[in-house]
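Asks: Below is the file query29.tsv, with TSV, C-alpha atoms.
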chain	number	residue	atom	x	y	z
H	182	MET	CA	-41.31	-30.60	-47.65
H	183	VAL	CA	-38.26	-31.78	-49.54
H	184	GLN	CA	-36.02	-30.94	-46.62
H	185	ASP	CA	-38.30	-32.67	-44.21
H	186	ILE	CA	-38.23	-35.84	-46.28
H	187	ALA	CA	-34.48	-35.63	-46.61
H	188	ALA	CA	-34.32	-35.51	-42.83
H	189	MET	CA	-36.64	-38.50	-42.50
H	190	LEU	CA	-34.85	-40.85	-44.87
H	191	PRO	CA	-31.67	-41.60	-42.89
H	192	ALA	CA	-33.84	-43.20	-40.20
H	193	PHE	CA	-34.57	-46.00	-42.66
H	194	GLU	CA	-32.07	-48.64	-43.61
H	195	ARG	CA	-31.13	-48.67	-47.29
H	196	HIS	CA	-32.98	-51.85	-48.00
H	197	ARG	CA	-35.61	-52.23	-50.70
H	198	GLY	CA	-37.90	-53.94	-48.21
H	199	ASN	CA	-38.23	-50.55	-46.55
H	200	LEU	CA	-39.88	-48.99	-49.57
H	201	ILE	CA	-43.46	-49.25	-48.37
H	202	PRO	CA	-42.76	-48.19	-44.76
H	203	ILE	CA	-40.95	-45.11	-46.10
H	204	LEU	CA	-43.78	-44.21	-48.45
H	205	GLN	CA	-46.26	-44.66	-45.62
H	206	ALA	CA	-44.21	-42.44	-43.31
H	207	ILE	CA	-44.01	-39.71	-45.96
H	208	GLN	CA	-47.72	-39.84	-46.66
H	209	GLU	CA	-48.47	-39.80	-42.94
H	210	ARG	CA	-46.67	-36.47	-42.58
H	211	HIS	CA	-47.43	-34.82	-45.88
H	212	SER	CA	-50.71	-36.55	-46.74
H	213	TYR	CA	-49.56	-37.37	-50.27
H	214	LEU	CA	-46.56	-38.51	-52.31
H	215	SER	CA	-45.10	-35.94	-54.66
H	216	GLY	CA	-42.92	-36.82	-57.63
H	217	ALA	CA	-39.92	-35.25	-55.90
H	218	ALA	CA	-40.57	-37.35	-52.81
H	219	MET	CA	-40.66	-40.58	-54.79
H	220	LYS	CA	-37.44	-39.68	-56.57
H	221	MET	CA	-35.74	-39.06	-53.23
H	222	VAL	CA	-36.93	-42.41	-51.91
H	223	ALA	CA	-35.63	-44.14	-55.04
H	224	LYS	CA	-32.26	-42.51	-54.61
H	225	HIS	CA	-32.10	-43.43	-50.94
H	226	LEU	CA	-32.85	-47.08	-51.65
H	227	GLY	CA	-30.78	-47.29	-54.81
H	228	ILE	CA	-33.66	-48.39	-57.03
H	229	GLY	CA	-35.18	-46.76	-60.09
H	230	PRO	CA	-37.85	-44.12	-59.60
H	231	GLY	CA	-40.01	-46.19	-61.92
H	232	GLU	CA	-39.99	-49.03	-59.42
H	233	VAL	CA	-41.11	-46.72	-56.62
H	234	TYR	CA	-43.86	-45.38	-58.87
H	235	GLY	CA	-44.99	-48.89	-59.76
H	236	VAL	CA	-45.25	-49.98	-56.15
H	237	ALA	CA	-46.94	-46.76	-55.02
H	238	THR	CA	-49.59	-46.86	-57.75
H	239	PHE	CA	-50.36	-50.49	-56.94
H	240	TYR	CA	-51.69	-49.64	-53.49
H	241	ASN	CA	-54.90	-47.71	-53.02
H	242	GLN	CA	-53.59	-46.19	-49.81
H	243	PHE	CA	-51.14	-43.92	-51.60
H	244	ARG	CA	-52.23	-40.69	-53.20
H	245	PHE	CA	-50.30	-38.46	-55.55
H	246	GLN	CA	-52.16	-35.20	-55.11
H	247	PRO	CA	-52.70	-33.30	-51.88
H	248	PRO	CA	-56.18	-33.98	-50.47
H	249	GLY	CA	-58.81	-31.27	-50.72
H	250	ARG	CA	-60.31	-29.29	-47.83
H	251	HIS	CA	-63.29	-31.62	-48.02
H	252	ARG	CA	-62.40	-35.26	-48.57
H	253	ILE	CA	-65.11	-37.32	-50.18
H	254	LYS	CA	-64.70	-41.05	-49.86
H	255	VAL	CA	-66.98	-43.39	-51.74
H	256	CYS	CA	-67.25	-46.93	-50.46
H	257	LEU	CA	-66.88	-49.69	-53.00
H	258	GLY	CA	-66.94	-52.63	-50.63
H	259	THR	CA	-69.03	-55.65	-51.53
H	260	ALA	CA	-72.37	-54.37	-50.26
H	261	CYS	CA	-71.85	-50.88	-51.71
H	262	HIS	CA	-70.64	-52.33	-54.97
H	263	VAL	CA	-73.80	-54.39	-55.27
H	264	ALA	CA	-75.93	-51.38	-54.33
H	265	GLY	CA	-74.32	-49.24	-57.03
H	266	GLY	CA	-71.45	-47.49	-55.26
H	267	GLU	CA	-69.74	-47.21	-58.62
H	268	ILE	CA	-72.57	-44.96	-59.85
H	269	ILE	CA	-72.24	-42.71	-56.80
H	270	LEU	CA	-68.50	-42.43	-57.37
H	271	GLU	CA	-69.11	-41.53	-60.99
H	272	ASN	CA	-71.60	-38.88	-59.91
H	273	PHE	CA	-69.02	-37.22	-57.68
H	274	GLU	CA	-66.37	-37.52	-60.37
H	275	ARG	CA	-68.59	-35.94	-62.99
H	276	LYS	CA	-69.86	-33.23	-60.67
H	277	LEU	CA	-66.33	-32.17	-59.71
H	278	GLY	CA	-64.66	-32.96	-63.03
H	279	ILE	CA	-61.96	-35.14	-61.44
H	280	LYS	CA	-61.18	-38.86	-61.21
H	281	ASP	CA	-60.88	-40.81	-57.99
H	282	GLY	CA	-57.63	-40.04	-56.22
H	283	GLU	CA	-57.60	-36.51	-57.60
H	284	THR	CA	-58.24	-33.09	-56.13
H	285	THR	CA	-60.10	-30.16	-57.69
H	286	ALA	CA	-57.97	-27.27	-58.93
H	287	ASP	CA	-59.17	-25.02	-56.08
H	288	ARG	CA	-58.14	-27.69	-53.53
H	289	GLU	CA	-61.67	-27.69	-52.14
H	290	TYR	CA	-62.64	-31.30	-52.81
H	291	SER	CA	-60.91	-34.59	-53.36
H	292	VAL	CA	-62.58	-37.85	-54.24
H	293	GLU	CA	-61.27	-41.29	-53.38
H	294	ARG	CA	-62.55	-44.81	-53.26
H	295	VAL	CA	-62.40	-46.82	-50.09
H	296	VAL	CA	-63.19	-50.42	-49.40
H	297	CYS	CA	-65.84	-50.96	-46.74
H	298	VAL	CA	-66.35	-48.37	-44.04
H	299	GLY	CA	-68.24	-50.85	-41.88
H	300	CYS	CA	-71.87	-49.85	-42.24
H	301	CYS	CA	-72.99	-52.09	-45.04
H	302	ALA	CA	-76.64	-51.83	-44.02
H	303	LEU	CA	-76.56	-48.24	-45.28
H	304	ALA	CA	-75.13	-49.14	-48.69
H	305	PRO	CA	-74.20	-47.42	-50.86
H	306	VAL	CA	-72.17	-45.29	-48.46
H	307	ALA	CA	-70.09	-42.17	-48.96
H	308	LEU	CA	-68.03	-40.29	-46.38
H	309	LEU	CA	-67.80	-36.53	-46.37
H	310	ASP	CA	-64.81	-35.83	-44.16
H	311	ASP	CA	-65.96	-37.71	-41.03
H	312	ASP	CA	-69.69	-37.76	-41.73
H	313	VAL	CA	-71.23	-40.96	-42.99
H	314	LEU	CA	-73.75	-40.48	-45.77
H	315	GLY	CA	-75.86	-43.60	-46.09
H	316	ARG	CA	-78.17	-44.87	-48.82
H	317	MET	CA	-76.61	-42.56	-51.34
H	318	LEU	CA	-78.48	-41.57	-54.47
H	319	PRO	CA	-77.39	-39.44	-57.41
H	320	SER	CA	-79.91	-36.84	-56.26
H	321	LYS	CA	-78.25	-36.77	-52.83
H	322	VAL	CA	-74.91	-36.05	-54.47
H	323	GLU	CA	-76.54	-33.12	-56.22
H	324	GLY	CA	-78.18	-32.03	-52.94
H	325	LEU	CA	-74.85	-32.15	-51.13
H	326	PHE	CA	-73.33	-29.60	-53.44
H	327	VAL	CA	-76.40	-27.38	-53.22
H	328	GLN	CA	-75.92	-27.46	-49.43
H	329	PHE	CA	-72.26	-26.58	-49.83
H	330	GLU	CA	-73.21	-23.65	-52.02
H	331	ILE	CA	-75.81	-22.41	-49.51
H	332	GLU	CA	-73.29	-22.75	-46.67
H	333	ARG	CA	-70.70	-20.86	-48.68
H	334	GLN	CA	-73.15	-18.02	-49.41
H	335	ARG	CA	-74.17	-17.88	-45.77
H	336	GLN	CA	-70.55	-17.56	-44.65
H	337	GLU	CA	-70.00	-14.88	-47.22
H	338	ARG	CA	-73.03	-12.92	-46.00
H	339	GLU	CA	-71.86	-13.23	-42.40
H	340	LYS	CA	-68.43	-12.04	-43.38
H	341	VAL	CA	-69.88	-9.04	-45.18
H	342	ALA	CA	-72.19	-8.33	-42.23
H	343	ARG	CA	-69.29	-8.58	-39.78
H	344	GLU	CA	-67.14	-6.28	-41.85
H	345	SER	CA	-69.88	-3.69	-42.27
H	346	GLY	CA	-70.58	-3.97	-38.54
H	347	GLU	CA	-66.93	-3.25	-37.79
H	348	GLN	CA	-67.01	-0.31	-40.16
H	349	ALA	CA	-70.11	1.05	-38.42
H	350	ARG	CA	-68.34	0.83	-35.05
H	351	ASP	CA	-65.30	2.67	-36.35
F	98	MET	CA	-27.02	-83.56	-72.43
F	99	VAL	CA	-30.10	-85.58	-71.65
F	100	THR	CA	-32.64	-87.23	-73.90
F	101	ILE	CA	-36.29	-86.28	-73.65
F	102	VAL	CA	-39.27	-87.24	-75.76
F	103	VAL	CA	-41.61	-84.56	-77.04
F	104	ASP	CA	-44.69	-85.76	-78.91
F	105	THR	CA	-42.92	-89.06	-79.78
F	106	LYS	CA	-39.90	-87.15	-81.11
F	107	GLU	CA	-36.59	-87.76	-79.34
F	108	ILE	CA	-34.64	-84.63	-78.47
F	109	GLN	CA	-31.13	-84.11	-77.12
F	110	ALA	CA	-31.47	-81.30	-74.59
F	111	ASP	CA	-29.31	-79.38	-72.14
F	112	ASP	CA	-29.95	-80.55	-68.59
F	113	GLY	CA	-31.74	-77.93	-66.51
F	114	LYS	CA	-33.10	-75.81	-69.35
F	115	SER	CA	-36.83	-75.20	-69.33
F	116	VAL	CA	-39.02	-77.53	-71.33
F	117	LEU	CA	-40.47	-74.55	-73.19
F	118	GLN	CA	-37.13	-73.21	-74.33
F	119	THR	CA	-35.92	-76.65	-75.37
F	120	CYS	CA	-39.02	-77.25	-77.47
F	121	LEU	CA	-38.82	-73.82	-79.11
F	122	GLU	CA	-35.17	-74.35	-79.96
F	123	HIS	CA	-36.05	-77.63	-81.64
F	124	GLY	CA	-38.80	-76.12	-83.72
F	125	ILE	CA	-41.70	-77.35	-81.63
F	126	PHE	CA	-44.02	-74.43	-81.05
F	127	ILE	CA	-45.70	-74.04	-77.69
F	128	PRO	CA	-47.80	-70.88	-77.29
F	129	ASN	CA	-46.19	-68.39	-74.93
F	130	LEU	CA	-46.15	-64.66	-74.28
F	131	CYS	CA	-44.34	-63.89	-71.05
F	132	PHE	CA	-41.40	-66.25	-71.41
F	133	MET	CA	-37.91	-64.77	-71.83
F	134	LYS	CA	-34.67	-66.69	-71.74
F	135	SER	CA	-32.96	-64.03	-69.68
F	136	ARG	CA	-35.50	-64.24	-66.90
F	137	GLU	CA	-33.99	-66.07	-63.99
F	138	HIS	CA	-37.38	-67.06	-62.62
F	139	PRO	CA	-40.05	-67.60	-65.24
F	140	HIS	CA	-43.02	-65.33	-64.79
F	141	ALA	CA	-45.47	-68.07	-65.80
F	142	SER	CA	-48.19	-65.44	-65.95
F	143	CYS	CA	-49.58	-65.86	-69.45
F	144	ARG	CA	-50.74	-69.44	-68.78
F	145	LEU	CA	-50.39	-70.32	-72.43
F	146	CYS	CA	-47.52	-72.80	-72.40
F	147	PHE	CA	-49.31	-75.73	-70.79
F	148	VAL	CA	-48.10	-79.22	-71.65
F	149	GLU	CA	-48.62	-82.61	-70.11
F	150	ILE	CA	-45.69	-84.49	-68.68
F	151	TYR	CA	-45.71	-88.20	-68.10
F	152	GLY	CA	-45.95	-88.89	-64.38
F	153	ILE	CA	-47.53	-85.54	-63.46
F	154	ASP	CA	-51.28	-85.61	-62.89
F	155	GLN	CA	-52.22	-82.19	-64.18
F	156	PRO	CA	-50.98	-80.18	-67.15
F	157	VAL	CA	-48.05	-77.95	-66.17
F	158	THR	CA	-46.60	-74.72	-67.55
F	159	SER	CA	-43.63	-75.75	-69.65
F	160	CYS	CA	-41.65	-72.61	-68.82
F	161	THR	CA	-41.37	-73.67	-65.19
F	162	GLU	CA	-40.51	-77.33	-65.85
F	163	ARG	CA	-36.85	-78.20	-66.15
F	164	VAL	CA	-35.57	-80.77	-68.58
F	165	ARG	CA	-34.32	-84.00	-67.02
F	166	GLU	CA	-33.40	-87.42	-68.34
F	167	GLY	CA	-36.27	-89.50	-69.64
F	168	LEU	CA	-38.89	-86.75	-69.59
F	169	VAL	CA	-41.90	-87.50	-71.78
F	170	VAL	CA	-43.75	-84.37	-72.89
F	171	LEU	CA	-47.03	-84.12	-74.77
F	172	THR	CA	-47.75	-80.65	-76.16
F	173	ALA	CA	-51.17	-81.12	-77.72
F	174	THR	CA	-53.33	-83.11	-75.32
F	175	ALA	CA	-56.97	-82.16	-74.93
F	176	ARG	CA	-56.51	-81.12	-71.31
F	177	ALA	CA	-53.57	-78.83	-72.04
F	178	ARG	CA	-55.40	-77.35	-75.04
F	179	ARG	CA	-58.47	-76.61	-72.97
F	180	LEU	CA	-56.40	-74.64	-70.45
F	181	GLN	CA	-54.52	-72.81	-73.20
F	182	GLN	CA	-57.68	-71.90	-75.03
F	183	ALA	CA	-59.31	-70.66	-71.85
F	184	ALA	CA	-56.26	-68.54	-71.00
F	185	PHE	CA	-56.19	-67.16	-74.53
F	186	LYS	CA	-59.89	-66.27	-74.42
F	187	LEU	CA	-59.38	-64.47	-71.13
F	188	LEU	CA	-56.49	-62.50	-72.62
F	189	MET	CA	-58.57	-61.61	-75.65
F	190	SER	CA	-61.43	-60.36	-73.49
F	191	ALA	CA	-59.24	-57.37	-72.63
F	192	HIS	CA	-57.22	-57.18	-75.86
F	193	HIS	CA	-59.59	-55.68	-78.35
F	194	CYS	CA	-58.20	-56.87	-81.63
F	195	ARG	CA	-58.68	-54.74	-84.71
F	196	PRO	CA	-56.51	-56.52	-87.26
F	197	LYS	CA	-56.95	-53.82	-89.90
F	198	ALA	CA	-55.61	-51.07	-87.68
F	199	CYS	CA	-52.88	-53.21	-86.14
F	200	PRO	CA	-49.28	-52.23	-86.88
F	201	VAL	CA	-47.87	-55.68	-86.20
F	202	ARG	CA	-50.32	-57.73	-88.21
F	203	GLY	CA	-47.59	-59.94	-89.61
F	204	GLY	CA	-45.60	-60.54	-86.45
F	205	CYS	CA	-48.28	-60.53	-83.80
F	206	GLN	CA	-47.85	-63.39	-81.40
F	207	LEU	CA	-51.56	-63.45	-80.68
F	208	ILE	CA	-52.40	-64.24	-84.30
F	209	ARG	CA	-49.89	-67.03	-84.34
F	210	ILE	CA	-51.20	-68.44	-81.07
F	211	ALA	CA	-54.83	-68.20	-82.19
F	212	ARG	CA	-53.96	-70.13	-85.31
F	213	HIS	CA	-52.06	-72.71	-83.32
F	214	LEU	CA	-54.89	-73.19	-80.81
F	215	LYS	CA	-57.49	-73.09	-83.59
F	216	VAL	CA	-59.54	-70.35	-81.95
F	217	GLY	CA	-60.70	-66.96	-83.16
F	218	LEU	CA	-59.04	-63.64	-82.31
F	219	ASN	CA	-61.79	-62.77	-79.88
F	220	SER	CA	-63.03	-63.73	-76.46
F	221	GLN	CA	-66.17	-65.57	-77.55
F	222	PRO	CA	-68.00	-67.11	-75.82
F	223	LEU	CA	-66.56	-65.07	-72.96
F	224	GLU	CA	-67.60	-61.47	-72.49
F	225	ARG	CA	-65.57	-58.60	-73.82
F	226	LEU	CA	-64.12	-56.59	-71.00
F	227	GLU	CA	-64.35	-52.82	-71.07
F	228	ARG	CA	-61.47	-51.20	-69.24
F	229	ALA	CA	-61.40	-47.60	-68.10
F	230	ILE	CA	-57.98	-46.82	-69.56
F	231	ASP	CA	-56.69	-44.50	-72.25
F	232	GLU	CA	-56.76	-45.49	-75.88
F	233	GLU	CA	-53.29	-44.16	-76.57
F	234	VAL	CA	-50.51	-42.92	-74.31
F	235	ASP	CA	-47.64	-40.80	-75.54
F	236	LEU	CA	-44.38	-41.89	-73.92
F	237	GLY	CA	-42.09	-39.57	-75.84
F	238	LEU	CA	-40.12	-41.93	-78.05
F	239	PHE	CA	-42.94	-44.43	-77.98
F	240	THR	CA	-46.63	-44.68	-78.28
F	241	TYR	CA	-48.26	-47.08	-75.87
F	242	TYR	CA	-51.60	-48.68	-76.64
F	243	PRO	CA	-53.03	-50.08	-73.38
F	244	PHE	CA	-55.77	-51.98	-75.19
F	245	ARG	CA	-53.22	-54.01	-77.12
F	246	CYS	CA	-51.08	-54.69	-74.08
F	247	VAL	CA	-51.42	-58.16	-72.59
F	248	LEU	CA	-49.25	-57.23	-69.59
F	249	CYS	CA	-46.74	-59.97	-70.28
F	250	GLY	CA	-44.07	-57.84	-68.64
F	251	ARG	CA	-41.41	-58.46	-71.29
F	252	CYS	CA	-40.73	-54.76	-71.78
F	253	VAL	CA	-40.53	-54.13	-68.04
F	254	HIS	CA	-38.13	-57.04	-67.67
F	255	VAL	CA	-35.92	-56.10	-70.61
F	256	CYS	CA	-35.76	-52.49	-69.44
F	257	ARG	CA	-34.75	-53.55	-65.96
F	258	GLN	CA	-32.47	-56.53	-66.42
F	259	ARG	CA	-31.14	-56.46	-69.91
F	260	THR	CA	-30.51	-52.80	-70.53
F	261	GLY	CA	-30.27	-51.63	-66.94
F	262	HIS	CA	-32.34	-48.52	-67.68
F	263	ASN	CA	-35.04	-49.50	-65.24
F	264	LEU	CA	-37.52	-46.98	-66.56
F	265	LEU	CA	-40.61	-48.94	-67.46
F	266	THR	CA	-42.85	-50.29	-64.76
F	267	PHE	CA	-46.33	-51.62	-64.20
F	268	ALA	CA	-48.55	-48.94	-62.74
F	269	GLY	CA	-51.89	-49.36	-61.04
F	270	ARG	CA	-53.45	-52.72	-60.52
F	271	GLY	CA	-56.25	-54.99	-61.51
F	272	LEU	CA	-58.10	-54.01	-64.65
F	273	LYS	CA	-56.38	-50.64	-64.66
F	274	THR	CA	-52.84	-51.98	-64.77
F	275	VAL	CA	-50.76	-50.38	-67.50
F	276	VAL	CA	-47.12	-50.16	-68.42
F	277	ALA	CA	-45.91	-46.70	-67.51
F	278	LEU	CA	-42.98	-44.45	-66.84
F	279	PHE	CA	-42.26	-42.65	-63.61
F	280	GLY	CA	-45.07	-40.18	-63.07
F	281	GLY	CA	-46.35	-40.85	-66.57
F	282	GLY	CA	-43.34	-38.87	-67.80
F	283	ASP	CA	-41.88	-38.97	-71.24
F	284	LEU	CA	-38.98	-40.97	-72.57
F	285	ALA	CA	-37.52	-38.17	-74.66
F	286	ALA	CA	-35.50	-37.06	-71.66
F	287	ALA	CA	-34.55	-40.60	-70.72
F	288	PRO	CA	-31.16	-42.23	-71.30
F	289	CYS	CA	-32.64	-44.79	-73.67
F	290	ARG	CA	-32.68	-42.86	-76.92
F	291	HIS	CA	-31.16	-45.63	-79.00
F	292	CYS	CA	-32.25	-48.70	-77.13
F	293	GLY	CA	-35.79	-49.51	-78.15
F	294	ALA	CA	-35.53	-52.96	-76.60
F	295	CYS	CA	-38.93	-52.66	-74.98
F	296	ALA	CA	-40.73	-52.07	-78.28
F	297	THR	CA	-38.78	-54.89	-79.89
F	298	VAL	CA	-39.75	-57.50	-77.32
F	299	CYS	CA	-43.41	-56.49	-77.29
F	300	PRO	CA	-45.35	-59.45	-78.70
F	301	THR	CA	-48.50	-57.49	-79.55
F	302	GLY	CA	-47.49	-54.05	-80.79
F	303	ALA	CA	-48.63	-52.29	-77.63
F	304	LEU	CA	-45.36	-50.36	-77.48
F	305	VAL	CA	-44.48	-48.84	-80.81
F	306	LEU	CA	-41.45	-46.72	-81.55
F	307	LYS	CA	-42.10	-43.48	-83.37
F	308	GLY	CA	-40.56	-42.71	-86.75
F	309	GLU	CA	-37.20	-43.49	-88.36
F	310	GLN	CA	-35.25	-43.82	-85.17
F	311	GLY	CA	-37.61	-46.56	-84.19
F	312	ARG	CA	-37.00	-48.65	-87.24
F	313	ALA	CA	-33.25	-48.45	-86.80
F	314	ALA	CA	-33.41	-49.45	-83.17
F	315	SER	CA	-35.69	-52.40	-83.69
F	316	ALA	CA	-33.24	-53.81	-86.19
F	317	ASP	CA	-31.42	-55.26	-83.19
F	318	SER	CA	-32.72	-58.71	-83.91
F	319	SER	CA	-31.13	-60.39	-80.90
F	320	LEU	CA	-33.92	-58.95	-78.80
F	321	ARG	CA	-36.78	-59.82	-81.06
F	322	ALA	CA	-39.11	-62.50	-79.83
F	323	PRO	CA	-37.13	-65.56	-80.91
F	324	GLN	CA	-40.10	-67.87	-80.92
F	325	ILE	CA	-41.77	-66.62	-84.08
F	326	PRO	CA	-40.45	-68.88	-86.79
F	327	PRO	CA	-41.08	-67.62	-90.33
F	328	ARG	CA	-44.12	-69.14	-91.89
Written as structure tokens, that's how I'd like the structure from this file.
Replies:
Amino acid sequence: MVQDIAAMLPAFERHRGNLIPILQAIQERHSYLSGAAMKMVAKHLGIGPGEVYGVATFYNQFRFQPPGRHRIKVCLGTACHVAGGEIILENFERKLGIKDGETTADREYSVERVVCVGCCALAPVALLDDDVLGRMLPSKVEGLFVQFEIERQRQEREKVARESGEQARD
Amino acid sequence: MVTIVVDTKEIQADDGKSVLQTCLEHGIFIPNLCFMKSREHPHASCRLCFVEIYGIDQPVTSCTERVREGLVVLTATARARRLQQAAFKLLMSAHHCRPKACPVRGGCQLIRIARHLKVGLNSQPLERLERAIDEEVDLGLFTYYPFRCVLCGRCVHVCRQRTGHNLLTFAGRGLKTVVALFGGGDLAAAPCRHCGACATVCPTGALVLKGEQGRAASADSSLRAPQIPPR
């Protein structure tokens, strides 16, 4: 990753106005900004790493941890805010033990807040990867994880069945 | 040198200096938090230094007004006061003051400003704002108290311009904005061991140096907020 970023940087002029385009390009490729990456950008542009950190944390679009296998996005646009999107976000945060913008230790889930996904009639809305979950309720958050658990157990059973099937054939 | 009039008092002032600085240098107190002489462009973010100037319709921030010949300044008009008090109340809605536990009780700019504006050290009648930020952040050489911080930016400025360390920065935004170091790291490894300028310029005790080293560093009085005259 470090080498890749080092290879990317020379394409950008050493001008502080390029800070955000560079950060965007890095996140595009690596899906998050690591501390090492930000330090390299700072060095390339001749500004303090603190300045890069300040700019990057200002914008919601930048993340500092790699996203999880399942990305949960909770909408906090106007309609969802009014309908209690904040509560839904808190439910996810509490359930997974992480804050928005973070990823669980097993890299399974990450939670982030987004601003309006464009289906305000369904507020409050959450996105699970590419699926829209409308009219969210705390109980639905709970239900979602029960489903995940069932799915996981099913896959496990199938795996065991497949393996025992292979053994039987041998 | 030009002559200006501040609250009926005639003052000889340097042409081009800000009205705020001129007044402070002549012992006329105007509330302010974010102003620093060394700032090339005044931040004008604390909205506390409002004055009225003859010939200008609305009250203006005195840190952004330059002194020129024949300027007539009024520092205590009802309109300017109303704006200052409103700005102060808004600041206090996020700065939860606990005078007994405060390490800067004597030197706190907020206390001085509250007294000057004749308002309490609280946000009443405005609501108190609850922010989802940490109570206390360990920055190595310093302890940072986000709830005391009014985000005036003096420490960030002094770290960047005056000392050239460029370590402190604002992180996050909106209600979650805090002063931070790169990656939330710690200053113990930083090149600023003996500087302490950021803690010295802090008007509210949000950045406090730890231990003995701290006291020695903050003895550098040239950095201390110059606008707190002894009472």
Asks: Have a look at H:Pro191, H:Pro202, H:Pro305, H:Gly282 and name the one nearest to Gly265 in chain H; count only C-alpha atoms.
Replies: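 Of H:Pro191, H:Pro202, H:Pro305, H:Gly282, the one nearest Gly265 in chain H, counting only C-alpha atoms, is H:Pro305.
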Asks: Which one is closest to Asp311 in chain H: H:Ala223, H:Ile253, H:Ile228, H:Val263? Count all atoms listed in the file.
Replies: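 Closest residue, counting all atoms listed in the file: H:Ile253.
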Asks: Can you measure CA of Val103 in chain F to CA of Leu168 in chain F for me? One decimal in Å is fine.
Replies: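 Straight-line distance from CA of Val103 in chain F to CA of Leu168 in chain F works out to 8.2 Å.
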Asks: Please identify every residue of chain H that has at least one atom no farther than 12 Å from an atom of chain F, counting all atoms listed in the file, and for each give the shortest atom pair and the distance in Å to one decimal, arranged by chain then increasing number, as JSON lines.
Replies:
{"residue": "H:Leu214", "atom": "CA", "partner": "F:Gly280", "partner_atom": "CA", "distance": 11.0}
{"residue": "H:Ser215", "atom": "CA", "partner": "F:Gly280", "partner_atom": "CA", "distance": 9.4}
{"residue": "H:Gly216", "atom": "CA", "partner": "F:Gly280", "partner_atom": "CA", "distance": 6.7}
{"residue": "H:Ala217", "atom": "CA", "partner": "F:Gly280", "partner_atom": "CA", "distance": 10.1}
{"residue": "H:Ala218", "atom": "CA", "partner": "F:Gly280", "partner_atom": "CA", "distance": 11.6}
{"residue": "H:Met219", "atom": "CA", "partner": "F:Phe279", "partner_atom": "CA", "distance": 9.2}
{"residue": "H:Lys220", "atom": "CA", "partner": "F:Phe279", "partner_atom": "CA", "distance": 9.0}
{"residue": "H:Ala223", "atom": "CA", "partner": "F:Phe279", "partner_atom": "CA", "distance": 10.9}
{"residue": "H:Gly227", "atom": "CA", "partner": "F:Asn263", "partner_atom": "CA", "distance": 11.5}
{"residue": "H:Ile228", "atom": "CA", "partner": "F:Asn263", "partner_atom": "CA", "distance": 8.4}
{"residue": "H:Gly229", "atom": "CA", "partner": "F:Asn263", "partner_atom": "CA", "distance": 5.8}
{"residue": "H:Pro230", "atom": "CA", "partner": "F:Phe279", "partner_atom": "CA", "distance": 6.1}
{"residue": "H:Gly231", "atom": "CA", "partner": "F:Phe279", "partner_atom": "CA", "distance": 4.5}
{"residue": "H:Glu232", "atom": "CA", "partner": "F:Thr266", "partner_atom": "CA", "distance": 6.2}
{"residue": "H:Val233", "atom": "CA", "partner": "F:Phe279", "partner_atom": "CA", "distance": 8.2}
{"residue": "H:Tyr234", "atom": "CA", "partner": "F:Phe279", "partner_atom": "CA", "distance": 5.7}
{"residue": "H:Gly235", "atom": "CA", "partner": "F:Ala268", "partner_atom": "CA", "distance": 4.6}
{"residue": "H:Val236", "atom": "CA", "partner": "F:Ala268", "partner_atom": "CA", "distance": 7.4}
{"residue": "H:Ala237", "atom": "CA", "partner": "F:Ala268", "partner_atom": "CA", "distance": 8.2}
{"residue": "H:Thr238", "atom": "CA", "partner": "F:Gly269", "partner_atom": "CA", "distance": 4.7}
{"residue": "H:Phe239", "atom": "CA", "partner": "F:Gly269", "partner_atom": "CA", "distance": 4.5}
{"residue": "H:Tyr240", "atom": "CA", "partner": "F:Gly269", "partner_atom": "CA", "distance": 7.6}
{"residue": "H:Asn241", "atom": "CA", "partner": "F:Gly269", "partner_atom": "CA", "distance": 8.7}
{"residue": "H:Gln242", "atom": "CA", "partner": "F:Gly269", "partner_atom": "CA", "distance": 11.8}
{"residue": "H:Phe243", "atom": "CA", "partner": "F:Gly269", "partner_atom": "CA", "distance": 10.9}
{"residue": "H:Arg244", "atom": "CA", "partner": "F:Gly269", "partner_atom": "CA", "distance": 11.7}
{"residue": "H:Phe245", "atom": "CA", "partner": "F:Gly280", "partner_atom": "CA", "distance": 9.3}
{"residue": "H:Gln246", "atom": "CA", "partner": "F:Gly280", "partner_atom": "CA", "distance": 11.8}
{"residue": "H:Lys280", "atom": "CA", "partner": "F:Ala229", "partner_atom": "CA", "distance": 11.1}
{"residue": "H:Gly282", "atom": "CA", "partner": "F:Gly269", "partner_atom": "CA", "distance": 12.0}
Asks: Which one is closest to Cys300 in chain H: H:Val322, H:Gly258, H:Arg210, H:Glu271? Count all atoms listed in the file.
Replies: H:Gly258
Asks: Which residues, written as a list of chain:residue names, have at least one atom at most 8 Å from Val102 in chain F, with all atoms listed in the file counted and residues fewer than 5 positions away on the same chain left out?
Replies: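 In the requested format, the answer is F:Glu107, F:Ile108, F:Gly167, F:Leu168, F:Val169, F:Val170.
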Asks: Just give me the gap between CA of Val234 in chain F and CA of Ser142 in chain F in Å, one decimal is fine.
Replies: 24.1 Å
Asks: Rounded to one decimal in Å, what is the spacing between CA of Ile210 in chain F and CA of Pro128 in chain F?
Replies: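 Interatomic distance here is 5.6 Å.
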Asks: Select, counting all atoms listed in the file, all protein, DNA and RNA residues no farther than 12 Å from (-46.2, -77.8, -66.9) in file coordinates, and express the selection as a VMD selection string.
Replies: chain F and resid 115 to 117 127 141 144 to 164 168 to 172 176 to 177 180 to 181
Asks: Would you kindly return, as a list in words, each protein, DNA or RNA residue with an atom no farther than 12 Å from any atom of Ala188 in chain H, considering all atoms listed in the file and excluding same-chain residues fewer than 3 positions away?
Replies: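 Everything that qualifies: Met182, Val183, Gln184, Asp185, Pro191, Ala192, Phe193, Ile207, Ala218, Met221, Val222 and His225 of chain H.
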